[in-house]
$ cat entry.pdb   # PDB, C-alpha atoms
MODEL        1
ATOM      1  CA  MET A  22     176.903 -64.926  68.639
ATOM      2  CA  VAL A  23     177.639 -64.425  64.923
ATOM      3  CA  GLU A  24     173.914 -63.965  64.244
ATOM      4  CA  TRP A  25     173.675 -61.316  66.969
ATOM      5  CA  VAL A  26     176.686 -59.378  65.657
ATOM      6  CA  ALA A  27     175.309 -59.490  62.106
ATOM      7  CA  ALA A  28     171.933 -58.211  63.265
ATOM      8  CA  ALA A  29     173.543 -55.402  65.259
ATOM      9  CA  LEU A  30     175.654 -54.408  62.243
ATOM     10  CA  LEU A  31     172.579 -54.394  60.015
ATOM     11  CA  ILE A  32     170.707 -52.126  62.420
ATOM     12  CA  SER A  33     173.653 -49.717  62.449
ATOM     13  CA  VAL A  34     173.745 -49.651  58.646
ATOM     14  CA  ALA A  35     169.979 -49.120  58.520
ATOM     15  CA  CYS A  36     170.169 -46.187  60.920
ATOM     16  CA  PHE A  37     173.017 -44.612  58.935
ATOM     17  CA  ILE A  38     171.197 -44.848  55.605
ATOM     18  CA  ALA A  39     167.891 -43.683  57.117
ATOM     19  CA  ALA A  40     169.660 -40.592  58.440
ATOM     20  CA  THR A  41     170.927 -39.562  54.989
ATOM     21  CA  SER A  42     168.953 -37.368  52.597
ATOM     22  CA  TYR A  43     169.058 -39.990  49.855
ATOM     23  CA  THR A  44     165.897 -39.966  47.766
ATOM     24  CA  VAL A  45     164.698 -42.004  44.819
ATOM     25  CA  GLU A  46     162.647 -40.665  41.933
ATOM     26  CA  ALA A  47     159.794 -43.099  41.335
ATOM     27  CA  ALA A  48     157.604 -43.454  38.282
ATOM     28  CA  GLU A  49     153.984 -43.006  39.333
ATOM     29  CA  PRO A  50     151.513 -45.750  38.424
ATOM     30  CA  ALA A  51     149.163 -45.117  35.496
ATOM     31  CA  LEU A  52     145.870 -43.478  36.389
ATOM     32  CA  VAL A  53     142.581 -45.337  36.122
ATOM     33  CA  LYS A  54     140.093 -43.771  33.700
ATOM     34  CA  GLY A  55     138.207 -40.986  35.443
ATOM     35  CA  MET A  56     140.958 -40.312  37.997
ATOM     36  CA  SER A  57     143.145 -37.207  37.931
ATOM     37  CA  TRP A  58     145.997 -35.579  39.829
ATOM     38  CA  SER A  59     144.106 -32.270  39.716
ATOM     39  CA  PHE A  60     140.475 -33.376  39.934
ATOM     40  CA  TYR A  61     139.321 -30.664  42.381
ATOM     41  CA  THR A  62     141.489 -27.789  41.147
ATOM     42  CA  SER A  63     138.399 -25.777  40.186
ATOM     43  CA  SER A  64     135.611 -27.233  42.341
ATOM     44  CA  CYS A  65     137.473 -27.525  45.671
ATOM     45  CA  PRO A  66     141.022 -26.121  45.444
ATOM     46  CA  LYS A  67     141.466 -26.046  49.235
ATOM     47  CA  LEU A  68     140.516 -29.709  49.762
ATOM     48  CA  GLU A  69     143.967 -30.973  50.689
ATOM     49  CA  SER A  70     144.851 -27.974  52.854
ATOM     50  CA  ILE A  71     141.570 -28.343  54.799
ATOM     51  CA  VAL A  72     142.266 -32.026  55.480
ATOM     52  CA  LYS A  73     145.912 -31.508  56.384
ATOM     53  CA  LYS A  74     145.253 -28.567  58.714
ATOM     54  CA  ARG A  75     142.596 -30.485  60.648
ATOM     55  CA  LEU A  76     144.680 -33.667  60.892
ATOM     56  CA  GLN A  77     147.633 -31.713  62.217
ATOM     57  CA  GLN A  78     145.382 -30.652  65.089
ATOM     58  CA  VAL A  79     144.076 -34.196  65.616
ATOM     59  CA  PHE A  80     147.529 -35.794  65.596
ATOM     60  CA  LYS A  81     148.947 -33.187  67.953
ATOM     61  CA  LYS A  82     146.520 -34.558  70.550
ATOM     62  CA  ASP A  83     146.794 -38.231  69.558
ATOM     63  CA  ILE A  84     149.260 -39.396  66.892
ATOM     64  CA  GLY A  85     147.776 -42.887  67.261
ATOM     65  CA  GLN A  86     144.823 -41.780  65.130
ATOM     66  CA  ALA A  87     147.117 -41.718  62.086
ATOM     67  CA  ALA A  88     147.385 -45.508  62.115
ATOM     68  CA  GLY A  89     143.612 -45.799  62.483
ATOM     69  CA  LEU A  90     142.950 -43.674  59.395
ATOM     70  CA  LEU A  91     145.541 -45.483  57.287
ATOM     71  CA  ARG A  92     144.094 -48.854  58.264
ATOM     72  CA  LEU A  93     140.565 -47.666  57.462
ATOM     73  CA  HIS A  94     141.694 -46.817  53.919
ATOM     74  CA  PHE A  95     143.294 -50.251  53.536
ATOM     75  CA  HIS A  96     140.175 -52.066  54.689
ATOM     76  CA  ASP A  97     137.981 -49.975  52.392
ATOM     77  CA  CYS A  98     140.039 -50.554  49.251
ATOM     78  CA  PHE A  99     140.802 -54.259  49.657
ATOM     79  CA  VAL A 100     137.198 -55.444  49.950
ATOM     80  CA  GLN A 101     135.241 -54.067  46.979
ATOM     81  CA  GLY A 102     137.426 -51.197  45.907
ATOM     82  CA  CYS A 103     138.005 -47.692  47.255
ATOM     83  CA  ASP A 104     134.346 -46.684  47.360
ATOM     84  CA  GLY A 105     133.869 -45.762  51.008
ATOM     85  CA  SER A 106     131.633 -48.778  51.641
ATOM     86  CA  VAL A 107     133.365 -49.518  54.951
ATOM     87  CA  LEU A 108     132.135 -46.124  56.187
ATOM     88  CA  LEU A 109     128.470 -47.068  55.718
ATOM     89  CA  SER A 110     126.453 -47.921  58.813
ATOM     90  CA  GLY A 111     123.776 -50.595  58.820
ATOM     91  CA  SER A 112     120.069 -50.155  59.481
ATOM     92  CA  ALA A 113     119.075 -47.964  62.445
ATOM     93  CA  GLY A 114     122.610 -46.561  62.516
ATOM     94  CA  GLY A 115     124.198 -49.788  63.772
ATOM     95  CA  PRO A 116     127.226 -51.495  62.208
ATOM     96  CA  SER A 117     126.754 -52.804  58.677
ATOM     97  CA  GLU A 118     127.502 -56.385  57.659
ATOM     98  CA  GLU A 119     130.860 -55.123  56.363
ATOM     99  CA  GLN A 120     131.696 -53.201  59.537
ATOM    100  CA  GLY A 121     130.586 -56.145  61.662
ATOM    101  CA  ALA A 122     132.820 -58.684  59.891
ATOM    102  CA  PRO A 123     135.620 -59.939  62.197
ATOM    103  CA  PRO A 124     138.510 -58.205  60.354
ATOM    104  CA  ASN A 125     136.778 -54.831  60.746
ATOM    105  CA  LEU A 126     135.827 -55.091  64.414
ATOM    106  CA  SER A 127     139.219 -53.692  65.383
ATOM    107  CA  LEU A 128     138.869 -50.559  63.225
ATOM    108  CA  ARG A 129     138.993 -47.469  65.436
ATOM    109  CA  GLN A 130     135.611 -45.810  65.853
ATOM    110  CA  GLU A 131     137.361 -42.463  66.175
ATOM    111  CA  ALA A 132     138.691 -42.896  62.623
ATOM    112  CA  PHE A 133     135.097 -42.984  61.311
ATOM    113  CA  ARG A 134     134.286 -39.834  63.286
ATOM    114  CA  ILE A 135     137.376 -38.048  61.968
ATOM    115  CA  ILE A 136     136.437 -38.790  58.345
ATOM    116  CA  GLU A 137     132.886 -37.499  58.874
ATOM    117  CA  ASP A 138     134.272 -34.372  60.535
ATOM    118  CA  LEU A 139     136.581 -33.816  57.563
ATOM    119  CA  ARG A 140     133.655 -34.358  55.169
ATOM    120  CA  ALA A 141     131.626 -31.675  56.969
ATOM    121  CA  ARG A 142     134.529 -29.210  56.843
ATOM    122  CA  VAL A 143     135.225 -29.827  53.157
ATOM    123  CA  HIS A 144     131.562 -29.619  52.134
ATOM    124  CA  LYS A 145     131.118 -26.433  54.148
ATOM    125  CA  GLN A 146     133.893 -24.854  52.105
ATOM    126  CA  CYS A 147     133.178 -26.335  48.678
ATOM    127  CA  GLY A 148     129.669 -27.746  48.699
ATOM    128  CA  ARG A 149     128.839 -31.398  48.148
ATOM    129  CA  VAL A 150     131.392 -32.067  45.413
ATOM    130  CA  VAL A 151     134.043 -34.181  47.182
ATOM    131  CA  SER A 152     133.408 -37.869  47.900
ATOM    132  CA  CYS A 153     133.997 -39.527  51.250
ATOM    133  CA  SER A 154     136.255 -42.063  49.523
ATOM    134  CA  ASP A 155     138.479 -39.262  48.186
ATOM    135  CA  ILE A 156     138.599 -37.623  51.614
ATOM    136  CA  LEU A 157     139.641 -40.961  53.136
ATOM    137  CA  ALA A 158     142.411 -41.392  50.534
ATOM    138  CA  VAL A 159     143.795 -37.912  51.228
ATOM    139  CA  ALA A 160     143.540 -38.464  54.998
ATOM    140  CA  ALA A 161     145.445 -41.747  54.689
ATOM    141  CA  ARG A 162     148.261 -40.024  52.772
ATOM    142  CA  ASP A 163     148.440 -37.222  55.334
ATOM    143  CA  SER A 164     148.477 -39.801  58.131
ATOM    144  CA  VAL A 165     151.646 -41.224  56.592
ATOM    145  CA  ALA A 166     153.276 -37.866  55.816
ATOM    146  CA  LEU A 167     152.469 -36.254  59.181
ATOM    147  CA  SER A 168     153.942 -39.306  60.931
ATOM    148  CA  GLY A 169     157.276 -38.807  59.181
ATOM    149  CA  GLY A 170     156.634 -40.861  56.037
ATOM    150  CA  PRO A 171     156.572 -39.982  52.329
ATOM    151  CA  ASN A 172     154.295 -37.211  51.100
ATOM    152  CA  TYR A 173     153.116 -38.828  47.869
ATOM    153  CA  ARG A 174     150.553 -37.450  45.412
ATOM    154  CA  VAL A 175     147.018 -38.862  45.570
ATOM    155  CA  PRO A 176     144.952 -39.234  42.388
ATOM    156  CA  LEU A 177     141.357 -38.125  42.937
ATOM    157  CA  GLY A 178     137.968 -38.520  41.332
ATOM    158  CA  ARG A 179     136.496 -41.443  43.290
ATOM    159  CA  ARG A 180     132.746 -41.648  43.811
ATOM    160  CA  ASP A 181     131.078 -43.215  46.843
ATOM    161  CA  GLY A 182     129.590 -46.672  46.478
ATOM    162  CA  LEU A 183     125.909 -47.529  46.767
ATOM    163  CA  THR A 184     126.336 -51.112  47.938
ATOM    164  CA  LEU A 185     127.573 -52.600  51.180
ATOM    165  CA  ALA A 186     130.111 -55.402  51.086
ATOM    166  CA  THR A 187     128.939 -58.701  52.548
ATOM    167  CA  ARG A 188     130.558 -60.423  55.486
ATOM    168  CA  ALA A 189     131.789 -63.159  53.130
ATOM    169  CA  ALA A 190     133.377 -60.666  50.726
ATOM    170  CA  THR A 191     135.076 -58.916  53.630
ATOM    171  CA  LEU A 192     136.522 -62.160  54.962
ATOM    172  CA  ASP A 193     137.636 -63.251  51.482
ATOM    173  CA  ASN A 194     139.491 -60.019  50.751
ATOM    174  CA  LEU A 195     141.200 -59.196  54.060
ATOM    175  CA  PRO A 196     143.917 -61.825  54.710
ATOM    176  CA  PRO A 197     144.033 -62.963  58.365
ATOM    177  CA  PRO A 198     147.066 -62.322  60.592
ATOM    178  CA  THR A 199     147.826 -66.031  60.432
ATOM    179  CA  ALA A 200     148.339 -65.926  56.653
ATOM    180  CA  THR A 201     151.681 -67.105  55.300
ATOM    181  CA  THR A 202     153.557 -65.130  52.687
ATOM    182  CA  GLY A 203     152.439 -67.627  50.052
ATOM    183  CA  GLN A 204     148.815 -67.049  50.998
ATOM    184  CA  LEU A 205     149.295 -63.265  50.949
ATOM    185  CA  LEU A 206     150.893 -63.316  47.505
ATOM    186  CA  THR A 207     148.146 -65.556  46.133
ATOM    187  CA  ALA A 208     145.363 -63.437  47.653
ATOM    188  CA  LEU A 209     146.752 -60.107  46.428
ATOM    189  CA  ALA A 210     147.962 -61.139  42.963
ATOM    190  CA  PRO A 211     144.459 -60.717  41.428
ATOM    191  CA  LYS A 212     144.561 -57.105  42.647
ATOM    192  CA  ASN A 213     147.755 -56.594  40.614
ATOM    193  CA  PHE A 214     150.071 -56.463  43.624
ATOM    194  CA  ASP A 215     153.522 -57.994  43.141
ATOM    195  CA  PRO A 216     155.762 -59.223  46.005
ATOM    196  CA  THR A 217     157.335 -55.771  46.429
ATOM    197  CA  ASP A 218     153.886 -54.197  46.780
ATOM    198  CA  VAL A 219     152.859 -56.836  49.316
ATOM    199  CA  VAL A 220     155.941 -56.282  51.473
ATOM    200  CA  ALA A 221     155.581 -52.485  51.249
ATOM    201  CA  LEU A 222     151.925 -52.579  52.264
ATOM    202  CA  SER A 223     152.240 -55.351  54.781
ATOM    203  CA  GLY A 224     150.500 -54.890  58.104
ATOM    204  CA  GLY A 225     149.637 -58.401  59.211
ATOM    205  CA  HIS A 226     150.442 -59.816  62.627
ATOM    206  CA  THR A 227     150.817 -62.907  64.865
ATOM    207  CA  ILE A 228     153.348 -64.564  67.132
ATOM    208  CA  ASP A 229     155.439 -66.998  65.151
ATOM    209  CA  ALA A 230     157.607 -69.922  66.141
ATOM    210  CA  THR A 231     160.648 -68.131  64.696
ATOM    211  CA  MET A 232     160.164 -65.091  66.925
ATOM    212  CA  ASP A 233     163.058 -64.014  69.108
ATOM    213  CA  LYS A 234     162.586 -65.740  72.502
ATOM    214  CA  THR A 235     163.154 -62.627  74.639
ATOM    215  CA  PHE A 236     160.713 -60.589  72.537
ATOM    216  CA  ALA A 237     158.138 -63.401  72.729
ATOM    217  CA  ASN A 238     158.387 -63.427  76.522
ATOM    218  CA  ASN A 239     158.041 -59.639  76.684
ATOM    219  CA  LEU A 240     155.025 -59.827  74.396
ATOM    220  CA  LYS A 241     153.345 -62.467  76.545
ATOM    221  CA  ALA A 242     153.950 -60.331  79.628
ATOM    222  CA  ALA A 243     152.411 -57.316  77.892
ATOM    223  CA  CYS A 244     149.239 -59.144  76.820
ATOM    224  CA  PRO A 245     146.765 -59.687  79.691
ATOM    225  CA  GLN A 246     145.225 -63.143  79.813
ATOM    226  CA  ALA A 247     141.936 -61.839  81.187
ATOM    227  CA  ALA A 248     139.323 -61.710  78.431
ATOM    228  CA  ALA A 249     137.861 -58.531  79.869
ATOM    229  CA  VAL A 250     141.080 -56.591  79.351
ATOM    230  CA  ASP A 251     141.704 -54.921  75.995
ATOM    231  CA  GLY A 252     145.507 -54.996  75.691
ATOM    232  CA  THR A 253     147.483 -53.715  72.699
ATOM    233  CA  VAL A 254     151.107 -54.077  71.660
ATOM    234  CA  ASN A 255     152.933 -51.923  69.108
ATOM    235  CA  MET A 256     153.767 -53.797  65.913
ATOM    236  CA  ASP A 257     156.937 -51.734  65.519
ATOM    237  CA  ILE A 258     158.760 -51.887  68.846
ATOM    238  CA  ARG A 259     161.569 -49.497  67.833
ATOM    239  CA  SER A 260     159.607 -46.423  66.728
ATOM    240  CA  PRO A 261     155.858 -47.090  67.080
ATOM    241  CA  ASN A 262     154.705 -43.540  66.353
ATOM    242  CA  LEU A 263     157.104 -42.791  63.487
ATOM    243  CA  PHE A 264     156.521 -43.911  59.897
ATOM    244  CA  ASP A 265     159.957 -45.321  59.048
ATOM    245  CA  ASN A 266     161.642 -48.581  58.026
ATOM    246  CA  LYS A 267     162.219 -49.978  61.527
ATOM    247  CA  TYR A 268     159.370 -52.484  61.023
ATOM    248  CA  TYR A 269     161.645 -54.338  58.597
ATOM    249  CA  VAL A 270     164.541 -54.186  61.045
ATOM    250  CA  ASP A 271     162.156 -55.822  63.533
ATOM    251  CA  LEU A 272     161.457 -58.632  61.067
ATOM    252  CA  MET A 273     165.176 -59.240  60.505
ATOM    253  CA  ASN A 274     165.531 -59.604  64.269
ATOM    254  CA  ARG A 275     162.633 -62.088  64.369
ATOM    255  CA  GLN A 276     160.434 -59.628  66.211
ATOM    256  CA  GLY A 277     157.461 -59.540  63.849
ATOM    257  CA  LEU A 278     154.188 -59.537  65.731
ATOM    258  CA  PHE A 279     152.187 -62.007  63.633
ATOM    259  CA  THR A 280     152.802 -64.797  61.129
ATOM    260  CA  SER A 281     151.945 -62.548  58.199
ATOM    261  CA  ASP A 282     154.658 -60.162  59.422
ATOM    262  CA  GLN A 283     157.493 -62.510  60.272
ATOM    263  CA  ASP A 284     156.990 -64.881  57.352
ATOM    264  CA  LEU A 285     157.867 -62.047  54.962
ATOM    265  CA  TYR A 286     161.455 -62.429  56.154
ATOM    266  CA  THR A 287     161.304 -66.202  56.408
ATOM    267  CA  ASP A 288     160.015 -66.744  52.851
ATOM    268  CA  SER A 289     162.767 -66.658  50.208
ATOM    269  CA  ARG A 290     160.490 -64.816  47.754
ATOM    270  CA  THR A 291     160.254 -61.739  49.975
ATOM    271  CA  ARG A 292     163.291 -61.987  52.260
ATOM    272  CA  GLY A 293     165.454 -59.862  49.966
ATOM    273  CA  ILE A 294     162.778 -57.175  49.733
ATOM    274  CA  VAL A 295     162.521 -56.983  53.532
ATOM    275  CA  THR A 296     166.315 -56.690  53.770
ATOM    276  CA  GLY A 297     166.371 -53.977  51.106
ATOM    277  CA  PHE A 298     163.776 -51.917  52.944
ATOM    278  CA  ALA A 299     165.547 -52.449  56.293
ATOM    279  CA  ILE A 300     168.809 -50.950  55.022
ATOM    280  CA  ASN A 301     167.336 -48.306  52.698
ATOM    281  CA  GLN A 302     164.474 -46.223  54.039
ATOM    282  CA  SER A 303     164.254 -44.130  50.872
ATOM    283  CA  LEU A 304     163.690 -47.272  48.823
ATOM    284  CA  PHE A 305     160.896 -48.301  51.180
ATOM    285  CA  TYR A 306     159.277 -44.858  50.913
ATOM    286  CA  GLU A 307     159.413 -45.015  47.116
ATOM    287  CA  LYS A 308     157.867 -48.472  46.860
ATOM    288  CA  PHE A 309     155.287 -47.738  49.541
ATOM    289  CA  ALA A 310     154.095 -44.627  47.672
ATOM    290  CA  VAL A 311     153.791 -46.564  44.411
ATOM    291  CA  ALA A 312     151.850 -49.373  46.091
ATOM    292  CA  MET A 313     149.535 -46.910  47.850
ATOM    293  CA  VAL A 314     148.643 -45.181  44.585
ATOM    294  CA  LYS A 315     147.935 -48.596  43.040
ATOM    295  CA  MET A 316     145.826 -49.667  46.021
ATOM    296  CA  GLY A 317     143.984 -46.352  46.078
ATOM    297  CA  GLN A 318     142.672 -47.003  42.576
ATOM    298  CA  LEU A 319     141.316 -50.521  43.148
ATOM    299  CA  SER A 320     137.878 -50.873  41.496
ATOM    300  CA  VAL A 321     137.137 -47.170  41.902
ATOM    301  CA  LEU A 322     133.817 -45.674  40.829
ATOM    302  CA  THR A 323     134.197 -42.559  38.676
ATOM    303  CA  GLY A 324     132.179 -40.253  36.436
ATOM    304  CA  SER A 325     128.460 -40.854  36.872
ATOM    305  CA  GLN A 326     128.933 -44.055  38.882
ATOM    306  CA  GLY A 327     128.039 -44.094  42.570
ATOM    307  CA  GLU A 328     127.311 -40.838  44.373
ATOM    308  CA  ILE A 329     128.730 -38.063  46.549
ATOM    309  CA  ARG A 330     127.443 -38.696  50.076
ATOM    310  CA  GLY A 331     126.178 -35.882  52.270
ATOM    311  CA  ASN A 332     127.045 -38.056  55.289
ATOM    312  CA  CYS A 333     129.793 -40.661  55.006
ATOM    313  CA  SER A 334     127.866 -43.226  57.039
ATOM    314  CA  ARG A 335     124.710 -43.094  54.891
ATOM    315  CA  ARG A 336     123.881 -43.423  51.216
ATOM    316  CA  SER A 337     122.395 -40.268  49.738
ATOM    317  CA  THR A 338     120.315 -42.071  47.103
ATOM    318  CA  GLY A 339     116.601 -42.137  47.917
ATOM    319  CA  VAL A 340     114.145 -39.421  48.949
ATOM    320  CA  GLU A 341     114.622 -39.867  52.704
ATOM    321  CA  SER A 342     118.411 -39.786  52.485
ATOM    322  CA  VAL A 343     118.356 -36.775  50.177
ATOM    323  CA  LEU A 344     116.143 -34.842  52.608
ATOM    324  CA  GLU A 345     118.360 -35.786  55.561
ATOM    325  CA  SER A 346     121.480 -34.677  53.679
ATOM    326  CA  ALA A 347     119.788 -31.390  52.650
ATOM    327  CA  VAL A 348     118.927 -30.628  56.277
ATOM    328  CA  GLU A 349     122.468 -31.453  57.401
ATOM    329  CA  GLU A 350     123.949 -29.201  54.724
ATOM    330  CA  ALA A 351     121.624 -26.354  55.751
ATOM    331  CA  VAL A 352     122.643 -26.758  59.392
ATOM    332  CA  GLU A 353     126.325 -26.723  58.441
ATOM    333  CA  ILE A 354     125.841 -23.565  56.351
ATOM    334  CA  LEU A 355     123.923 -21.790  59.122
ATOM    335  CA  ALA A 356     126.608 -22.788  61.630
ATOM    336  CA  GLY A 357     129.059 -20.782  59.601
ATOM    337  CA  PHE A 358     127.183 -17.526  60.199
TER     338      PHE A 358
ENDMDL
END
$ encode --input "entry.pdb" --output "structure tokens"
Amino acid sequence: MVEWVAAALLISVACFIAATSYTVEAAEPALVKGMSWSFYTSSCPKLESIVKKRLQQVFKKDIGQAAGLLRLHFHDCFVQGCDGSVLLSGSAGGPSEEQGAPPNLSLRQEAFRIIEDLRARVHKQCGRVVSCSDILAVAARDSVALSGGPNYRVPLGRRDGLTLATRAATLDNLPPPTATTGQLLTALAPKNFDPTDVVALSGGHTIDATMDKTFANNLKAACPQAAAVDGTVNMDIRSPNLFDNKYYVDLMNRQGLFTSDQDLYTDSRTRGIVTGFAINQSLFYEKFAVAMVKMGQLSVLTGSQGEIRGNCSRRSTGVESVLESAVEEAVEILAGF
């Protein structure tokens, strides 16, 4: 009974603080060499407005696509850096080894189509000067902001990668939903993420033994046992389509979907961070923005490295690819007349 009252009080406090206009000024992470806050000021000044305007239209029809775009950015950056490699198709247009790796099989196909559509719109306006990886980073930020989250600045200047990540590299760099907090911290430490970053960026899942019994029963009822049925359950049961701090309130009520969720509250190293985010949404927004800027600069290619793709799913290096991209650009230009 005491536990229930405490949880109810915490939720009330969280709702009160979230409703205030309290904001925190955060120091932005240092920029990686070659990255800039104003990279396209001269070459493509309307880049961000083009992306935002189109995503507003997309999300008006289906706000669920915001989560798909954000997750696509995560999966791109964690594996071999933010180089757009996850966007590359394999031979004959099929899935690449990276796209076909188990962690990436659940990526939304519509998210790939949205990024290519954005690429076509941006290149039509500015020419082939903006990388697919930069477009993905901007789209991920707008997915957060247009869902009610923080509207943080995105450093730009990424180039698109020339190499596909292997299945092994993908598995090694995307922690499974069964990962404990200790495993998450160990896996992400080499990428310069501290416990606060890990909690802010967390998106793992799995039913845990410490899960609230009623929620566990509801979850089991919502998940069809038939293998042929593709059932989904929202990871944030309180406000699934709003980017807020209710995910952490869920964890404090033992309603995390997967082990890598719930263990963040169970583990003493991250429990206080979860609590802090649950009662202070502004603090969560601040730390999330910082972590996203850090993640968005993981092993980026800049300057003369990599390339600027004319189609996000194909490398532009090589005579055949160059010709294909030239034809596509000509078609896009003619379509504007």
$ atom_distance --input "entry.pdb" --atom1 "atom CA of A:Ala189" --atom2 "atom CA of A:Val53"
26.9 Å
$ resolve_selection --input "entry.pdb" --expression "the PyMOL selection byres ((chain A and resi 310) around 12)" --output "count of residues only"
35
$ closest_residue --input "entry.pdb" --among "A:Glu118, A:Gly55, A:Leu167, A:Arg92" --to "A:Lys74" --atoms "all atoms listed in the file"
A:Leu167
$ closest_residue --input "entry.pdb" --among "A:Val321, A:Leu192, A:Ala186, A:Val295" --to "A:Ser223" --atoms "all atoms listed in the file"
A:Val295
$ closest_residue --input "entry.pdb" --among "A:Ser164, A:Phe99, A:Thr296, A:Leu76" --to "A:Asp138" --atoms "all atoms listed in the file"
A:Leu76
$ atom_distance --input "entry.pdb" --atom1 "atom CA of A:Gly148" --atom2 "atom CA of A:Val100"
28.7 Å
$ resolve_selection --input "entry.pdb" --expression "the PyMOL selection byres ((chain A and resi 150) around 8)" --output "number ranges by chain"
A: 64-65, 144, 147-149, 151-152, 329
$ closest_residue --input "entry.pdb" --among "A:Phe214, A:Tyr61, A:Tyr268, A:Phe298" --to "A:Arg179" --atoms "all atoms listed in the file"
A:Tyr61
$ atom_distance --input "entry.pdb" --atom1 "atom CA of A:Gly89" --atom2 "atom CA of A:Gln318"
20.0 Å
$ build_atoms --input "entry.pdb" --residues "stretch 70-85 of chain A" --atoms "N, CA and C atoms" --output "CSV table (one decimal), in the frame of the given file"
chain,number,residue,atom,x,y,z
A,70,SER,N,144.4,-28.8,51.7
A,70,SER,CA,144.9,-28.0,52.9
A,70,SER,C,143.9,-28.1,54.0
A,71,ILE,N,142.6,-28.2,53.7
A,71,ILE,CA,141.6,-28.3,54.8
A,71,ILE,C,141.8,-29.6,55.6
A,72,VAL,N,142.0,-30.7,54.8
A,72,VAL,CA,142.3,-32.0,55.5
A,72,VAL,C,143.6,-32.0,56.3
A,73,LYS,N,144.6,-31.5,55.7
A,73,LYS,CA,145.9,-31.5,56.4
A,73,LYS,C,145.9,-30.7,57.6
A,74,LYS,N,145.3,-29.5,57.6
A,74,LYS,CA,145.3,-28.6,58.7
A,74,LYS,C,144.5,-29.2,59.9
A,75,ARG,N,143.4,-29.9,59.6
A,75,ARG,CA,142.6,-30.5,60.6
A,75,ARG,C,143.3,-31.7,61.2
A,76,LEU,N,144.0,-32.5,60.4
A,76,LEU,CA,144.7,-33.7,60.9
A,76,LEU,C,145.9,-33.3,61.7
A,77,GLN,N,146.5,-32.2,61.4
A,77,GLN,CA,147.6,-31.7,62.2
A,77,GLN,C,147.2,-31.5,63.6
A,78,GLN,N,145.9,-30.9,63.8
A,78,GLN,CA,145.4,-30.7,65.1
A,78,GLN,C,145.0,-32.0,65.8
A,79,VAL,N,144.5,-32.9,65.0
A,79,VAL,CA,144.1,-34.2,65.6
A,79,VAL,C,145.3,-35.0,66.1
A,80,PHE,N,146.3,-35.0,65.3
A,80,PHE,CA,147.5,-35.8,65.6
A,80,PHE,C,148.4,-35.2,66.7
A,81,LYS,N,148.2,-33.9,66.9
A,81,LYS,CA,148.9,-33.2,68.0
A,81,LYS,C,148.4,-33.7,69.3
A,82,LYS,N,147.1,-34.0,69.3
A,82,LYS,CA,146.5,-34.6,70.6
A,82,LYS,C,146.7,-36.1,70.7
A,83,ASP,N,146.7,-36.8,69.5
A,83,ASP,CA,146.8,-38.2,69.6
A,83,ASP,C,147.3,-38.7,68.2
A,84,ILE,N,148.6,-38.9,68.1
A,84,ILE,CA,149.3,-39.4,66.9
A,84,ILE,C,148.8,-40.8,66.5
A,85,GLY,N,148.3,-41.5,67.5
A,85,GLY,CA,147.8,-42.9,67.3
A,85,GLY,C,146.6,-42.9,66.3
